[in-house]
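Asker: Please find protein-v2.csv (CSV, C-alpha atoms) on the next line:
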```csv
chain,number,residue,atom,x,y,z
A,1,MET,CA,0.0,0.0,0.0
A,2,GLU,CA,1.5,3.3,-1.1
A,3,THR,CA,2.1,5.8,1.6
A,4,LYS,CA,0.0,9.0,1.3
A,5,ILE,CA,0.9,12.2,3.2
A,6,THR,CA,-1.5,15.0,3.8
A,7,THR,CA,-0.2,18.4,5.0
A,8,ILE,CA,-2.2,20.5,7.4
A,9,ASN,CA,-0.8,23.9,8.5
A,10,THR,CA,-1.3,24.4,12.3
A,11,GLY,CA,-0.5,26.7,15.1
A,12,PRO,CA,0.9,30.2,15.3
A,13,PHE,CA,4.0,29.4,13.2
A,14,GLY,CA,2.3,27.4,10.4
A,15,VAL,CA,3.8,24.0,11.3
A,16,ASN,CA,3.5,21.3,8.7
A,17,THR,CA,1.4,18.7,10.5
A,18,TYR,CA,1.5,15.5,8.5
A,19,ILE,CA,-1.1,12.8,8.4
A,20,VAL,CA,0.7,9.7,7.1
A,21,SER,CA,-1.2,6.7,5.9
A,22,LEU,CA,-0.3,3.2,7.2
A,23,TRP,CA,-2.7,0.3,6.5
A,24,GLU,CA,-6.3,0.8,5.6
A,25,ASN,CA,-7.6,3.8,7.7
A,26,HIS,CA,-4.7,3.8,10.2
A,27,VAL,CA,-2.5,6.8,10.2
A,28,LEU,CA,0.4,8.6,12.0
A,29,VAL,CA,0.0,12.2,13.1
A,30,VAL,CA,3.3,14.2,13.1
A,31,ASP,CA,3.9,17.5,14.8
A,32,SER,CA,0.4,18.8,15.5
A,33,ALA,CA,0.4,22.4,16.7
A,34,ALA,CA,-3.3,23.0,16.4
A,35,CYS,CA,-4.3,24.9,19.6
A,36,SER,CA,-6.6,27.5,21.2
A,37,LEU,CA,-4.1,30.3,20.7
A,38,THR,CA,-4.8,30.2,16.9
A,39,CYS,CA,-8.4,29.0,17.2
A,40,ASP,CA,-7.6,25.9,15.2
A,41,GLU,CA,-7.5,23.3,18.0
A,42,ASN,CA,-10.0,21.1,16.2
A,43,LYS,CA,-8.4,21.3,12.8
A,44,VAL,CA,-6.5,18.0,13.0
A,45,ILE,CA,-9.2,16.2,15.0
A,46,SER,CA,-11.9,17.2,12.4
A,47,HIS,CA,-9.7,16.0,9.6
A,48,LEU,CA,-9.3,12.6,11.1
A,49,LYS,CA,-12.9,12.1,12.3
A,50,ASN,CA,-14.5,13.4,9.1
A,51,ARG,CA,-12.5,10.7,7.2
A,52,SER,CA,-12.9,8.0,9.8
A,53,LEU,CA,-9.1,7.8,10.2
A,54,LYS,CA,-7.6,6.0,13.2
A,55,PRO,CA,-4.4,7.5,14.6
A,56,VAL,CA,-1.9,4.9,15.8
A,57,MET,CA,0.9,7.2,17.1
A,58,PHE,CA,1.2,11.0,17.8
A,59,LEU,CA,4.8,11.8,16.8
A,60,HIS,CA,7.0,14.8,17.7
A,61,THR,CA,10.1,15.4,15.5
A,62,HIS,CA,11.4,17.5,18.5
A,63,GLY,CA,10.1,19.4,21.5
A,64,HIS,CA,10.0,23.0,20.5
A,65,PHE,CA,6.9,24.9,21.5
A,66,ASP,CA,5.6,25.4,17.9
A,67,HIS,CA,5.6,21.7,17.2
A,68,VAL,CA,4.1,20.3,20.4
A,69,MET,CA,1.2,22.7,21.2
A,70,GLY,CA,-1.4,20.4,19.7
A,71,SER,CA,-0.6,17.4,21.8
A,72,ALA,CA,-3.1,18.1,24.6
A,73,VAL,CA,-6.2,18.2,22.3
A,74,LEU,CA,-5.1,15.1,20.5
A,75,LYS,CA,-4.6,13.2,23.7
A,76,LYS,CA,-7.9,14.3,25.0
A,77,ALA,CA,-9.6,13.0,21.9
A,78,TRP,CA,-7.6,9.8,21.8
A,79,PRO,CA,-6.2,9.1,25.2
A,80,ASN,CA,-4.9,5.6,24.4
A,81,VAL,CA,-2.9,6.7,21.4
A,82,PRO,CA,0.8,7.1,22.5
A,83,LEU,CA,2.5,10.4,22.3
A,84,CYS,CA,6.2,10.0,21.2
A,85,VAL,CA,9.3,12.1,21.4
A,86,HIS,CA,13.1,11.5,21.7
A,87,LYS,CA,14.2,11.1,25.3
A,88,GLU,CA,16.5,14.2,25.1
A,89,ASP,CA,13.5,16.4,24.5
A,90,GLU,CA,11.2,14.9,27.0
A,91,GLY,CA,11.4,17.9,29.4
A,92,MET,CA,10.2,20.2,26.6
A,93,CYS,CA,6.8,18.4,26.5
A,94,GLY,CA,4.3,17.6,29.2
A,95,VAL,CA,3.3,19.5,32.3
A,96,ASN,CA,6.6,21.4,32.7
A,97,ALA,CA,6.8,22.5,29.0
A,98,ALA,CA,5.8,26.2,29.7
A,99,GLN,CA,8.4,26.5,32.5
A,100,VAL,CA,11.2,24.7,30.5
A,101,GLN,CA,10.6,26.8,27.3
A,102,GLY,CA,9.5,30.0,29.0
A,103,SER,CA,12.9,31.8,29.0
A,104,SER,CA,13.5,31.1,25.4
A,105,LEU,CA,10.1,32.4,24.4
A,106,ALA,CA,10.6,35.5,26.6
A,107,ALA,CA,13.9,36.2,24.9
A,108,MET,CA,12.2,36.1,21.5
A,109,GLY,CA,9.4,38.4,22.6
A,110,LEU,CA,7.0,35.5,22.6
A,111,LYS,CA,6.1,35.3,26.3
A,112,GLU,CA,2.4,35.0,25.6
A,113,ILE,CA,3.0,31.8,23.6
A,114,ALA,CA,3.9,30.0,26.8
A,115,LYS,CA,0.2,29.9,27.6
A,116,GLY,CA,-0.2,27.4,24.8
A,117,LEU,CA,2.2,25.0,26.5
A,118,GLU,CA,0.3,24.8,29.7
A,119,GLY,CA,-1.3,21.4,30.4
A,120,LEU,CA,0.4,19.5,27.6
A,121,ALA,CA,0.4,15.7,27.8
A,122,PRO,CA,3.6,13.9,28.8
A,123,ALA,CA,5.2,11.6,26.3
A,124,ASP,CA,4.2,7.9,26.5
A,125,ILE,CA,7.1,6.6,24.3
A,126,LEU,CA,10.7,8.0,24.4
A,127,PHE,CA,12.8,7.3,21.4
A,128,GLU,CA,16.4,6.4,21.6
A,129,GLY,CA,17.2,6.6,17.9
A,130,GLY,CA,17.7,3.7,15.6
A,131,GLU,CA,14.5,1.9,16.4
A,132,THR,CA,11.5,1.4,14.2
A,133,LEU,CA,8.0,2.7,15.1
A,134,LEU,CA,6.9,-0.9,15.5
A,135,SER,CA,9.7,-1.8,17.9
A,136,ALA,CA,9.0,1.3,19.9
A,137,MET,CA,5.4,0.3,20.2
A,138,GLU,CA,6.1,-3.3,21.1
A,139,ALA,CA,8.7,-2.3,23.7
A,140,LYS,CA,5.7,-0.7,25.6
A,141,GLY,CA,3.6,-3.8,25.1
A,142,LEU,CA,1.4,-2.1,22.5
A,143,LEU,CA,-0.1,-3.6,19.3
A,144,GLN,CA,0.2,-7.2,20.6
A,145,ASP,CA,-3.1,-8.0,18.8
A,146,ALA,CA,-2.7,-5.7,15.9
A,147,GLU,CA,-3.1,-6.9,12.3
A,148,PRO,CA,0.1,-8.1,10.6
A,149,GLU,CA,-0.5,-5.5,7.8
A,150,LEU,CA,-0.4,-2.7,10.3
A,151,LYS,CA,2.7,-4.0,11.9
A,152,ALA,CA,4.3,-4.3,8.5
A,153,SER,CA,3.6,-0.7,7.8
A,154,LEU,CA,5.1,0.5,11.1
A,155,VAL,CA,8.2,-1.5,10.8
A,156,GLN,CA,9.1,0.4,7.6
A,157,TRP,CA,9.5,3.6,9.6
A,158,LYS,CA,12.9,4.1,11.3
A,159,VAL,CA,13.7,6.8,13.9
A,160,LEU,CA,16.9,8.7,13.0
A,161,HIS,CA,18.3,10.8,15.9
A,162,THR,CA,19.5,14.0,14.3
A,163,PRO,CA,20.5,16.5,17.0
A,164,GLY,CA,21.4,20.1,16.2
A,165,HIS,CA,18.2,22.0,16.2
A,166,THR,CA,17.5,20.5,19.6
A,167,LYS,CA,19.2,17.7,21.4
A,168,GLY,CA,16.4,15.3,20.7
A,169,CYS,CA,15.6,16.1,17.1
A,170,VAL,CA,14.6,13.1,15.0
A,171,CYS,CA,13.7,12.3,11.5
A,172,PHE,CA,11.3,9.5,10.5
A,173,TYR,CA,12.6,7.6,7.5
A,174,ASN,CA,10.8,5.1,5.3
A,175,GLU,CA,13.5,3.6,3.1
A,176,SER,CA,11.2,1.4,1.0
A,177,GLU,CA,8.9,4.4,0.2
A,178,LYS,CA,11.8,6.9,0.0
A,179,ILE,CA,10.2,9.3,2.4
A,180,LEU,CA,11.9,11.4,5.1
A,181,LEU,CA,9.9,13.4,7.6
A,182,SER,CA,12.7,15.8,8.6
A,183,GLY,CA,11.1,18.1,11.2
A,184,ASP,CA,13.3,21.2,11.6
A,185,THR,CA,16.5,19.4,10.6
A,186,VAL,CA,16.3,19.6,6.8
A,187,PHE,CA,14.6,22.3,4.8
A,188,TYR,CA,14.7,23.1,1.1
A,189,HIS,CA,18.2,24.4,0.5
A,190,SER,CA,18.6,24.9,4.2
A,191,TRP,CA,18.6,23.4,7.7
A,192,GLY,CA,17.3,24.2,11.1
A,193,ARG,CA,18.5,27.1,13.2
A,194,THR,CA,20.9,26.2,16.1
A,195,ASP,CA,20.8,29.4,18.2
A,196,LEU,CA,17.9,28.3,20.5
A,197,ASP,CA,18.2,26.3,23.7
A,198,GLY,CA,19.5,22.8,22.9
A,199,GLY,CA,20.9,23.9,19.5
A,200,ASP,CA,24.4,23.0,18.5
A,201,GLU,CA,25.9,23.9,15.1
A,202,GLY,CA,28.5,21.2,15.2
A,203,GLN,CA,25.9,18.6,16.0
A,204,MET,CA,23.8,19.9,13.1
A,205,MET,CA,26.6,19.5,10.6
A,206,LYS,CA,27.2,15.9,11.8
A,207,SER,CA,23.5,15.2,11.5
A,208,LEU,CA,23.3,16.5,8.0
A,209,VAL,CA,26.3,14.3,7.0
A,210,TYR,CA,24.6,11.3,8.7
A,211,ILE,CA,21.4,12.0,6.7
A,212,LYS,CA,23.4,12.2,3.4
A,213,ASN,CA,25.1,9.0,4.2
A,214,ASN,CA,22.0,7.0,5.3
A,215,VAL,CA,19.1,8.4,3.3
A,216,VAL,CA,18.8,7.9,-0.5
A,217,PRO,CA,19.3,11.1,-2.4
A,218,ASP,CA,15.9,10.7,-4.2
A,219,ALA,CA,13.9,10.4,-1.0
A,220,LYS,CA,11.1,12.9,-0.8
A,221,VAL,CA,11.6,15.3,2.2
A,222,TYR,CA,8.7,16.6,4.3
A,223,PRO,CA,10.1,19.3,6.7
A,224,GLY,CA,8.4,21.0,9.7
A,225,HIS,CA,7.7,24.3,7.8
A,226,ASP,CA,7.3,25.6,4.3
A,227,TYR,CA,7.9,23.8,1.0
A,228,ASN,CA,7.7,20.0,1.2
A,229,GLY,CA,7.9,17.0,-1.1
A,230,PHE,CA,11.3,17.9,-2.6
A,231,MET,CA,14.0,15.4,-3.1
A,232,LEU,CA,16.8,15.2,-0.6
A,233,ALA,CA,19.4,15.9,-3.3
A,234,GLU,CA,17.6,19.1,-4.1
A,235,GLY,CA,17.4,20.2,-0.5
A,236,LEU,CA,21.0,19.7,0.6
```
Do you think you could lay out the structure here as structure tokens?

Answerer:
Amino acid sequence: METKITTINTGPFGVNTYIVSLWENHVLVVDSAACSLTCDENKVISHLKNRSLKPVMFLHTHGHFDHVMGSAVLKKAWPNVPLCVHKEDEGMCGVNAAQVQGSSLAAMGLKEIAKGLEGLAPADILFEGGETLLSAMEAKGLLQDAEPELKASLVQWKVLHTPGHTKGCVCFYNESEKILLSGDTVFYHSWGRTDLDGGDEGQMMKSLVYIKNNVVPDAKVYPGHDYNGFMLAEGL
């Protein structure tokens, strides 16, 4: 079954939220920022429910405020669907998110944005990097009775730890379908900024080299903002 990706722009910074098809009506939801601050808190939920789609995992490519603000409404609608982020960015999500990210927001003149981080759901699955989405689920005792076809879809997706923008940045790579969900690591002819808390220019350069060496050049790239669907070789 060919993977289909739907892009929904959400939140105050127009994050590319991706709805990624798996098997039948099962999907992944990546980086939802739909929230009350921008009056779009039901944007992703409505998209899923109107099409009878079943979310399997809520994925964060990293923990920055503009990518995690929609986690609370998603978890309220589907409390049993696991919320996932790399372990290095765990503190940027959950109940302490506003406190952890408050100083950075204040420094950027975005103090009011911190209100959108209050009451966020904590992560259920913490990525290490190198695992597949299936192995991450099974390590938590999930999907034991899932259909083989769903498991076969999830095992195609690998978690690549690509620090630099934050310590816990990840990309989600489907080698067989040649798809890279790159978050704020790779953009079209650019890469993520490294001047925010957790950013590291040296780590970013290493991550970009790692991606070049481990992702096929004709993989289609879907970043966290702006233009998407370009080939990796075009982007870097």

Asker: Show me, as a tab-separated table, the residues of region 59-93 of chain A having an atom within 12 Å of region 207-227 of chain A, each with the closest atom pair and its distance in Å, using only C-alpha atoms.

Answerer:
```
residue	atom	partner	partner_atom	distance
A:His60	CA	A:Gly224	CA	10.2
A:Thr61	CA	A:Gly224	CA	8.2
A:His62	CA	A:Gly224	CA	9.9
A:His64	CA	A:Gly224	CA	11.1
A:Asp66	CA	A:Gly224	CA	9.7
A:His67	CA	A:Gly224	CA	8.0
A:Val68	CA	A:Gly224	CA	11.6
```

Asker: Kindly indicate which residue among A:Asp197, A:Thr3, A:Trp157, A:Thr17 lies nearest to Gly102 (chain A), using only C-alpha atoms for the distances.

Answerer: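 Using only C-alpha atoms, the shortest distance to Gly102 (chain A) belongs to A:Asp197.
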
Asker: Between A:Leu83, A:Leu196, A:Val20, A:Cys171, which one has atoms that come closest to Ala123 (chain A), using all atoms listed in the file?

Answerer: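 With all atoms listed in the file as the atom set, the closest residue is A:Leu83.
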
Asker: Nearest residue to Glu90 (chain A) out of A:Leu126, A:Met231, A:Ala107, A:Ala72, using only C-alpha atoms?

Answerer: A:Leu126

Asker: Interatomic distance between CA of Gly70 (chain A) and CA of Gly14 (chain A)?

Answerer: 12.2 Å

Asker: Tell me which of A:Met57, A:Leu232, A:Leu22, A:Leu154 sits closest to Leu181 (chain A), counting all atoms listed in the file.

Answerer: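 Among the listed residues, A:Leu232 lies closest to Leu181 (chain A).
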
Asker: Point out the residue among A:Pro122, A:Asp89, A:Leu117, A:Lys158 with the least atom-to-atom distance to Ser135 (chain A), counting all atoms listed in the file.

Answerer: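 Of all the options, A:Lys158 lies closest to Ser135 (chain A).
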
Asker: Select, from A:Leu105, A:Met69, A:Ile8, A:Ile19, the residue with the minimum atom-to-atom distance to Pro55 (chain A), counting only C-alpha atoms.

Answerer: A:Ile19

Asker: One decimal, in Å: what's the spacing between CA of Lys49 (chain A) and CA of Ala77 (chain A)?

Answerer: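 Spanning CA of Lys49 (chain A) to CA of Ala77 (chain A) is a straight-line distance of 10.2 Å.
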
Asker: Please indicate the distance in Å from CA of Glu175 (chain A) to CA of Trp78 (chain A), rounded to one decimal place.

Answerer: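 One can read the CA of Glu175 (chain A) to CA of Trp78 (chain A) distance as 28.9 Å.
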
Asker: Excluding Asn96 (chain A) and any residue of its chain fewer than 3 positions from it, enumerate the residues within 10 Å of it, using all atoms listed in the file, and give them as number ranges by chain.

Answerer: A: 90-93, 99-102, 117-122
